file target_0.txt (compact mmCIF, C-alpha atoms)
# COMPACT_ATOMS: atom_id res chain seq x y z
CA MET A 1 -13.84 4.92 9.62
CA ASP A 2 -14.66 4.96 5.95
CA GLN A 3 -17.01 7.85 5.63
CA PRO A 4 -17.67 10.60 3.06
CA ASN A 5 -15.45 13.36 1.72
CA PRO A 6 -13.33 13.63 -1.78
CA ASP A 7 -13.90 15.31 -5.32
CA GLU A 8 -14.03 15.26 -9.24
CA GLY A 9 -15.27 16.45 -12.60
CA SER A 10 -17.34 15.25 -15.57
CA THR A 11 -20.29 16.43 -17.58
CA GLU A 12 -22.64 13.67 -16.46
CA GLN A 13 -25.89 14.29 -14.67
CA ALA A 14 -27.13 11.78 -12.16
CA GLY A 15 -29.78 11.40 -9.54
CA LYS A 16 -33.49 11.89 -9.23
CA VAL A 17 -32.84 15.58 -8.81
CA LYS A 18 -30.86 16.34 -11.94
CA ARG A 19 -27.58 17.89 -10.92
CA ASN A 20 -24.39 18.56 -12.78
CA ALA A 21 -21.75 16.61 -10.88
CA PHE A 22 -18.89 18.44 -12.54
CA SER A 23 -20.03 21.93 -11.61
CA GLU A 24 -21.01 20.89 -8.11
CA LEU A 25 -17.67 19.26 -7.47
CA MET A 26 -15.92 22.38 -8.61
CA GLY A 27 -17.81 24.48 -6.11
CA PRO A 28 -16.37 25.55 -2.75
CA LYS A 29 -16.04 22.79 -0.19
CA THR A 30 -17.66 23.68 3.11
CA LYS A 31 -17.32 21.72 6.32
CA GLN A 32 -19.09 18.44 5.83
CA GLN A 33 -22.09 17.71 7.97
CA LYS A 34 -22.35 14.36 9.70
CA PRO A 35 -25.13 11.87 9.00
CA THR A 36 -28.44 12.87 10.53
CA SER A 37 -29.69 9.33 10.93
CA LYS A 38 -28.29 5.85 11.17
CA ALA A 39 -29.52 2.33 10.62
CA PRO A 40 -29.51 -0.16 13.50
CA SER A 41 -26.50 -2.46 13.61
CA ASP A 42 -26.99 -6.02 12.38
CA ARG A 43 -26.05 -7.52 15.76
CA ASN A 44 -28.63 -5.48 17.64
CA ALA A 45 -31.20 -5.88 14.88
CA ALA A 46 -30.89 -9.64 15.27
CA LYS A 47 -31.79 -9.16 18.93
CA GLY A 48 -34.78 -7.02 18.06
CA LYS A 49 -33.13 -3.85 19.33
CA ALA A 50 -33.19 -0.60 17.33
CA THR A 51 -29.87 0.72 18.61
CA PHE A 52 -27.31 2.52 16.47
CA GLY A 53 -23.57 2.17 16.04
CA ALA A 54 -20.71 4.15 14.56
CA ARG A 55 -20.25 1.46 11.92
CA ASP A 56 -23.73 2.25 10.55
CA GLY A 57 -22.93 5.84 9.58
CA LEU A 58 -23.20 5.27 5.84
CA GLY A 59 -26.83 4.23 6.10
CA ALA A 60 -28.10 7.80 6.25
CA TYR A 61 -26.49 8.65 2.90
CA ILE A 62 -28.04 5.59 1.32
CA SER A 63 -31.52 6.21 2.66
CA LYS A 64 -31.76 10.01 2.26
CA PRO A 65 -29.02 11.27 -0.07
CA GLU A 66 -31.19 14.17 -1.20
CA THR A 67 -30.89 15.79 2.23
CA TYR A 68 -27.14 16.39 1.86
CA PRO A 69 -25.38 19.22 -0.01
CA PRO A 70 -23.17 18.57 -3.07
CA ASN A 71 -19.98 18.87 -1.05
CA VAL A 72 -21.14 15.66 0.68
CA VAL A 73 -23.20 13.74 -1.88
CA VAL A 74 -21.72 13.92 -5.38
CA TYR A 75 -24.74 12.31 -7.06
CA HIS A 76 -27.41 9.72 -6.46
CA ASP A 77 -30.04 7.69 -8.27
CA GLU A 78 -32.20 4.69 -7.46
CA ASP A 79 -29.25 2.30 -7.48
CA PHE A 80 -26.22 4.18 -6.14
CA VAL A 81 -25.04 7.09 -4.05
CA ALA A 82 -21.59 8.63 -4.55
CA ILE A 83 -20.17 10.61 -1.64
CA HIS A 84 -17.01 12.31 -0.47
CA ASP A 85 -15.18 10.23 2.14
CA MET A 86 -15.38 12.12 5.42
CA PHE A 87 -11.89 10.96 6.37
CA PRO A 88 -9.99 10.88 3.03
CA LYS A 89 -6.79 8.85 2.83
CA SER A 90 -5.65 10.50 -0.42
CA SER A 91 -5.96 14.00 -1.83
CA LEU A 92 -9.11 12.75 -3.58
CA HIS A 93 -11.27 10.04 -2.01
CA LEU A 94 -14.83 9.05 -2.91
CA LEU A 95 -17.13 6.24 -1.86
CA LEU A 96 -19.72 4.49 -4.00
CA LEU A 97 -22.67 3.13 -2.00
CA PRO A 98 -24.97 0.57 -3.65
CA ARG A 99 -28.58 0.97 -2.55
CA ASP A 100 -29.77 -2.59 -3.22
CA GLN A 101 -31.31 -3.61 0.11
CA ASN A 102 -30.43 -7.24 -0.54
CA LYS A 103 -26.76 -6.36 -0.83
CA THR A 104 -26.04 -3.25 1.20
CA ARG A 105 -25.43 -5.16 4.45
CA LEU A 106 -23.34 -7.92 2.89
CA HIS A 107 -19.57 -8.26 3.02
CA PRO A 108 -18.27 -7.23 -0.44
CA PHE A 109 -16.71 -10.68 -0.98
CA ASP A 110 -20.20 -12.18 -0.66
CA ALA A 111 -22.10 -9.45 -2.51
CA PHE A 112 -19.78 -9.67 -5.51
CA GLU A 113 -20.50 -13.36 -5.98
CA ASP A 114 -23.63 -12.13 -7.77
CA ALA A 115 -22.37 -11.62 -11.33
CA GLU A 116 -25.11 -9.19 -12.35
CA PHE A 117 -24.68 -7.06 -9.27
CA LEU A 118 -20.89 -7.05 -9.70
CA ALA A 119 -21.25 -5.94 -13.33
CA ASN A 120 -23.51 -3.06 -12.29
CA VAL A 121 -21.09 -1.95 -9.57
CA ARG A 122 -18.14 -2.11 -11.96
CA ALA A 123 -19.98 0.01 -14.52
CA GLU A 124 -20.86 2.60 -11.90
CA THR A 125 -17.34 2.72 -10.48
CA GLN A 126 -16.04 3.38 -13.98
CA LYS A 127 -18.35 6.39 -14.22
CA LEU A 128 -17.07 7.61 -10.87
CA ARG A 129 -13.46 6.94 -11.88
CA THR A 130 -13.94 9.13 -14.95
CA LEU A 131 -15.46 11.84 -12.80
CA ALA A 132 -12.53 11.59 -10.39
CA ALA A 133 -10.01 11.76 -13.23
CA GLY A 134 -11.57 15.01 -14.39
CA GLU A 135 -11.16 16.48 -10.94
CA LEU A 136 -7.50 15.43 -10.78
CA ARG A 137 -6.93 17.21 -14.08
CA ARG A 138 -8.63 20.32 -12.74
CA LYS A 139 -6.61 20.28 -9.52
CA TYR A 140 -3.19 19.25 -10.81
CA GLY A 141 -3.18 19.68 -14.59
CA LYS A 142 -1.33 22.99 -14.45
CA ASP A 143 1.56 21.29 -12.59
CA SER A 144 1.81 18.21 -14.80
CA GLY A 145 4.42 18.03 -17.56
CA GLN A 146 2.18 15.69 -19.56
CA GLU A 147 -0.57 18.31 -19.55
CA GLN A 148 1.39 21.28 -20.86
CA ALA A 149 0.51 20.85 -24.54
CA ARG A 150 -3.15 20.49 -23.63
CA GLN A 151 -3.03 23.53 -21.35
CA ALA A 152 -1.39 25.57 -24.11
CA ALA A 153 -4.03 24.49 -26.63
CA LEU A 154 -6.79 25.52 -24.25
CA SER A 155 -5.23 28.97 -24.03
CA THR A 156 -5.32 29.60 -27.80
CA ASP A 157 -8.08 31.71 -29.33
CA PRO A 158 -9.94 29.94 -30.74
CA PRO A 159 -8.89 26.57 -29.25
CA PRO A 160 -8.25 23.73 -31.71
CA ASP A 161 -11.06 21.35 -32.63
CA GLU A 162 -9.10 18.49 -31.06
CA LEU A 163 -7.13 18.96 -27.87
CA PRO A 164 -3.96 16.99 -27.12
CA GLN A 165 -4.88 13.99 -24.98
CA GLY A 166 -2.69 15.02 -22.07
CA ARG A 167 -2.13 12.87 -19.00
CA ASP A 168 -4.27 9.78 -18.49
CA TRP A 169 -5.62 10.69 -15.08
CA GLU A 170 -7.79 7.58 -14.87
CA LYS A 171 -4.59 5.60 -14.35
CA GLU A 172 -4.04 7.69 -11.22
CA ILE A 173 -7.27 6.39 -9.64
CA VAL A 174 -7.63 3.13 -7.72
CA VAL A 175 -10.95 1.42 -7.05
CA GLY A 176 -11.62 -1.35 -4.57
CA VAL A 177 -12.83 -2.55 -1.18
CA HIS A 178 -11.23 -3.55 2.10
CA ALA A 179 -10.89 -7.20 3.01
CA VAL A 180 -12.34 -6.24 6.40
CA PRO A 181 -14.61 -3.21 5.92
CA SER A 182 -14.73 -0.71 8.76
CA MET A 183 -18.36 0.17 8.07
CA ASN A 184 -21.41 -2.11 7.99
CA HIS A 185 -22.80 -0.87 4.68
CA LEU A 186 -21.25 -2.04 1.44
CA HIS A 187 -19.04 0.68 -0.04
CA VAL A 188 -16.41 0.92 -2.76
CA HIS A 189 -13.44 3.27 -2.48
CA VAL A 190 -12.52 5.43 -5.48
CA LEU A 191 -9.37 7.41 -4.68
CA SER A 192 -6.23 8.93 -6.13
CA VAL A 193 -3.03 6.93 -5.77
CA ASP A 194 -1.10 9.56 -3.78
CA ARG A 195 -2.02 8.61 -0.17
CA TYR A 196 -1.50 12.26 0.69
CA SER A 197 -3.87 13.45 3.41
CA GLU A 198 -3.77 14.80 6.94
CA ARG A 199 -6.32 12.08 7.74
CA LEU A 200 -3.69 9.40 7.05
CA LYS A 201 -2.55 9.04 10.65
CA HIS A 202 -1.28 5.55 11.42
CA ARG A 203 -0.25 2.09 10.20
CA LYS A 204 -3.74 0.76 9.55
CA HIS A 205 -4.69 3.81 7.51
CA TYR A 206 -1.73 3.41 5.19
CA ASN A 207 -1.52 -0.37 4.93
CA SER A 208 -5.25 -0.77 4.40
CA PHE A 209 -4.78 0.98 1.05
CA SER A 210 -1.22 -0.09 0.24
CA THR A 211 -1.25 -3.86 0.72
CA PRO A 212 -3.50 -6.69 -0.58
CA PHE A 213 -5.89 -5.72 2.24
CA PHE A 214 -7.23 -3.37 -0.45
CA VAL A 215 -8.83 -5.55 -3.13
CA PRO A 216 -9.31 -3.98 -6.61
CA ILE A 217 -12.84 -4.19 -7.97
CA ASP A 218 -11.52 -5.85 -11.13
CA ASP A 219 -10.23 -8.82 -9.09
CA PHE A 220 -13.74 -10.01 -8.24
CA PRO A 221 -15.14 -12.55 -7.86
CA LEU A 222 -12.33 -13.99 -5.72
CA ALA A 223 -11.34 -17.63 -5.91
CA PRO A 224 -12.33 -19.68 -2.84
CA ASP A 225 -8.67 -20.13 -1.87
CA ASP A 226 -7.64 -16.50 -2.45
CA GLU A 227 -5.35 -15.42 0.42
CA ARG A 228 -7.17 -12.10 0.70
CA ARG A 229 -10.14 -13.95 2.17
CA ARG A 230 -7.94 -14.43 5.26
CA PRO A 231 -6.49 -10.93 5.76
CA THR A 232 -5.75 -11.32 9.47
CA GLU A 233 -3.87 -14.55 8.89
CA ALA A 234 -1.96 -12.91 6.05
CA GLY A 235 -0.99 -10.02 8.34
CA TYR A 236 -1.41 -7.27 5.73
CA LEU A 237 -1.98 -4.49 8.23
CA LYS A 238 1.15 -5.39 10.21
CA ARG A 239 3.52 -5.23 7.27
CA ASP A 240 6.41 -2.78 7.15
CA PHE A 241 5.61 0.48 5.43
CA ALA A 242 6.58 0.60 1.76
CA CYS A 243 6.14 3.65 -0.47
CA TRP A 244 3.30 3.17 -2.93
CA ARG A 245 5.35 4.86 -5.68
CA CYS A 246 9.05 4.01 -5.33
CA GLY A 247 8.83 0.96 -3.08
CA LYS A 248 11.21 2.28 -0.43
CA VAL A 249 10.72 0.41 2.85
CA PHE A 250 10.36 2.37 6.11
CA GLY A 251 9.83 -0.44 8.60
CA ASN A 252 7.52 0.95 11.29
CA ARG A 253 8.77 4.55 10.95
CA PHE A 254 5.50 6.28 10.16
CA THR A 255 6.78 9.84 10.59
CA GLU A 256 9.50 9.23 8.01
CA LEU A 257 6.96 7.65 5.69
CA LYS A 258 4.70 10.70 5.93
CA GLN A 259 7.57 13.04 5.08
CA HIS A 260 8.47 10.86 2.14
CA LEU A 261 4.85 10.75 0.93
CA GLU A 262 4.73 14.54 0.86
CA GLN A 263 7.73 14.67 -1.48
CA GLU A 264 6.36 11.85 -3.62
CA PHE A 265 3.07 13.74 -3.89
CA LYS A 266 4.88 16.83 -5.17
CA ASP A 267 6.85 14.77 -7.69
CA TRP A 268 3.77 12.80 -8.78
CA LYS A 269 1.86 15.98 -9.58
CA LYS A 270 4.67 17.08 -11.92
CA LEU A 271 4.69 13.95 -14.09
call {"tool": "encode", "arguments": {"input": "target_0.txt", "output": "structure tokens"}}
result
Amino acid sequence: MDQPNPDEGSTEQAGKVKRNAFSELMGPKTKQQKPTSKAPSDRNAAKGKATFGARDGLGAYISKPETYPPNVVVYHDEDFVAIHDMFPKSSLHLLLLPRDQNKTRLHPFDAFEDAEFLANVRAETQKLRTLAAGELRRKYGKDSGQEQARQAALSTDPPPDELPQGRDWEKEIVVGVHAVPSMNHLHVHVLSVDRYSERLKHRKHYNSFSTPFFVPIDDFPLAPDDERRRPTEAGYLKRDFACWRCGKVFGNRFTELKQHLEQEFKDWKKL
């Protein structure tokens, strides 16, 4: 279930209620509340029934983002809502929710055929990627070898006018959608590459982000004959586990994969 939860940092303000996303993201994370309302599922809506389904859980964030605290909704405006994924599959995992009522119920492959809409989503995901990169630096910068010169410069009094660039944390963020979304409302995943989370519990969780089942936003629009349009036929979710970082293959040994991912996470932070 692709719902809210992850992090970040940046100096941007967004939303009708002007809020500083950076400072809010840095605040303490309390237990996330669940959506208070849901939209009726498309199948039941077609039958004239106003019933609700688990796959409609993102609708509440789209319709009333202002009712949620900053540990749930990162920012919102008329066009987008950015939220923490409730079940993160990496140490940092955000979702971007477009609010366009003509698009929000479409499959991403169909919605992104609209060039103008795709351009707007790409621009917004870049803003969220930058925000996420800032949070990675805050969380892991002290452990990263590439950040040491920058950290040292920040400690000088007064600090230099120009800081060393440090690690390019934006390269540690992936952005995309699932070939078969698990939620009815259109959403884009913005997450760190590490796949390190207690919520990563089985084959589908891992392979949905580590095979072509996960389609990068920059790959759209897809060609009509793109294999990713037929994810079940391609069998992405049934593939053997392969480490996202070193490529080591684990077959179907998920417990071994998880142990390996923990070590890779520690090593990745130190780069």
call {"tool": "residues_around", "arguments": {"input": "target_0.txt", "residues": "A:Gly235", "least_positions_apart": "2", "cutoff": "12 Å", "atoms": "only C-alpha atoms", "output": "PDB file with C-alpha atoms, keeping the file's coordinate frame"}}
result
ATOM      1  CA  ALA A 179     -10.890  -7.200   3.010  1.00  0.00           C
ATOM      2  CA  LYS A 204      -3.740   0.760   9.550  1.00  0.00           C
ATOM      3  CA  ASN A 207      -1.520  -0.370   4.930  1.00  0.00           C
ATOM      4  CA  SER A 208      -5.250  -0.770   4.400  1.00  0.00           C
ATOM      5  CA  THR A 211      -1.250  -3.860   0.720  1.00  0.00           C
ATOM      6  CA  PRO A 212      -3.500  -6.690  -0.580  1.00  0.00           C
ATOM      7  CA  PHE A 213      -5.890  -5.720   2.240  1.00  0.00           C
ATOM      8  CA  GLU A 227      -5.350 -15.420   0.420  1.00  0.00           C
ATOM      9  CA  ARG A 228      -7.170 -12.100   0.700  1.00  0.00           C
ATOM     10  CA  ARG A 229     -10.140 -13.950   2.170  1.00  0.00           C
ATOM     11  CA  ARG A 230      -7.940 -14.430   5.260  1.00  0.00           C
ATOM     12  CA  PRO A 231      -6.490 -10.930   5.760  1.00  0.00           C
ATOM     13  CA  THR A 232      -5.750 -11.320   9.470  1.00  0.00           C
ATOM     14  CA  GLU A 233      -3.870 -14.550   8.890  1.00  0.00           C
ATOM     15  CA  LEU A 237      -1.980  -4.490   8.230  1.00  0.00           C
ATOM     16  CA  LYS A 238       1.150  -5.390  10.210  1.00  0.00           C
ATOM     17  CA  ARG A 239       3.520  -5.230   7.270  1.00  0.00           C
ATOM     18  CA  ASP A 240       6.410  -2.780   7.150  1.00  0.00           C
TER      19      ASP A 240
END
call {"tool": "closest_residue", "arguments": {"input": "target_0.txt", "among": "A:Leu136, A:Leu106, A:Leu154, A:Val121", "to": "A:Asp79", "atoms": "all atoms listed in the file"}}
result
A:Val121
call {"tool": "closest_atom_pairs", "arguments": {"input": "target_0.txt", "of": "stretch 158-198 of chain A", "to": "stretch 61-76 of chain A", "cutoff": "12 Å", "atoms": "all atoms listed in the file", "output": "JSON lines"}}
result
{"residue": "A:His185", "atom": "CA", "partner": "A:Ile62", "partner_atom": "CA", "distance": 9.0}
{"residue": "A:Leu186", "atom": "CA", "partner": "A:Ile62", "partner_atom": "CA", "distance": 10.2}
{"residue": "A:His187", "atom": "CA", "partner": "A:Ile62", "partner_atom": "CA", "distance": 10.3}
call {"tool": "closest_residue", "arguments": {"input": "target_0.txt", "among": "A:Met86, A:Ala132, A:Val174, A:Leu222", "to": "A:Leu118", "atoms": "all atoms listed in the file"}}
result
A:Leu222
call {"tool": "residues_around", "arguments": {"input": "target_0.txt", "residues": "stretch 194-203 of chain A", "least_positions_apart": "5", "cutoff": "8 Å", "atoms": "only C-alpha atoms", "output": "PyMOL selection string"}}
result
chain A and resi 87-91+237-238+241+244+252+254+261-262+264-265+268
call {"tool": "atom_distance", "arguments": {"input": "target_0.txt", "atom1": "atom CA of A:Leu95", "atom2": "atom CA of A:Gly134"}}
result
16.3 Å
call {"tool": "residues_around", "arguments": {"input": "target_0.txt", "residues": "stretch 140-144 of chain A", "least_positions_apart": "6", "cutoff": "7 Å", "atoms": "all atoms listed in the file", "output": "MDAnalysis selection string"}}
result
chainID A and resid 269:271
call {"tool": "closest_residue", "arguments": {"input": "target_0.txt", "among": "A:Gln126, A:Thr156, A:Asn184, A:Gln146", "to": "A:Pro108", "atoms": "only C-alpha atoms"}}
result
A:Asn184
call {"tool": "closest_residue", "arguments": {"input": "target_0.txt", "among": "A:Val175, A:Arg245, A:Glu113, A:Phe250", "to": "A:Lys266", "atoms": "only C-alpha atoms"}}
result
A:Arg245
call {"tool": "atom_distance", "arguments": {"input": "target_0.txt", "atom1": "atom CA of A:Gly59", "atom2": "atom CA of A:Ala115"}}
result
24.0 Å
call {"tool": "closest_residue", "arguments": {"input": "target_0.txt", "among": "A:Pro98, A:Ala234, A:Val180, A:Asp85", "to": "A:Arg122", "atoms": "only C-alpha atoms"}}
result
A:Pro98
call {"tool": "atom_distance", "arguments": {"input": "target_0.txt", "atom1": "atom CA of A:Thr104", "atom2": "atom CA of A:Arg55"}}
result
13.1 Å
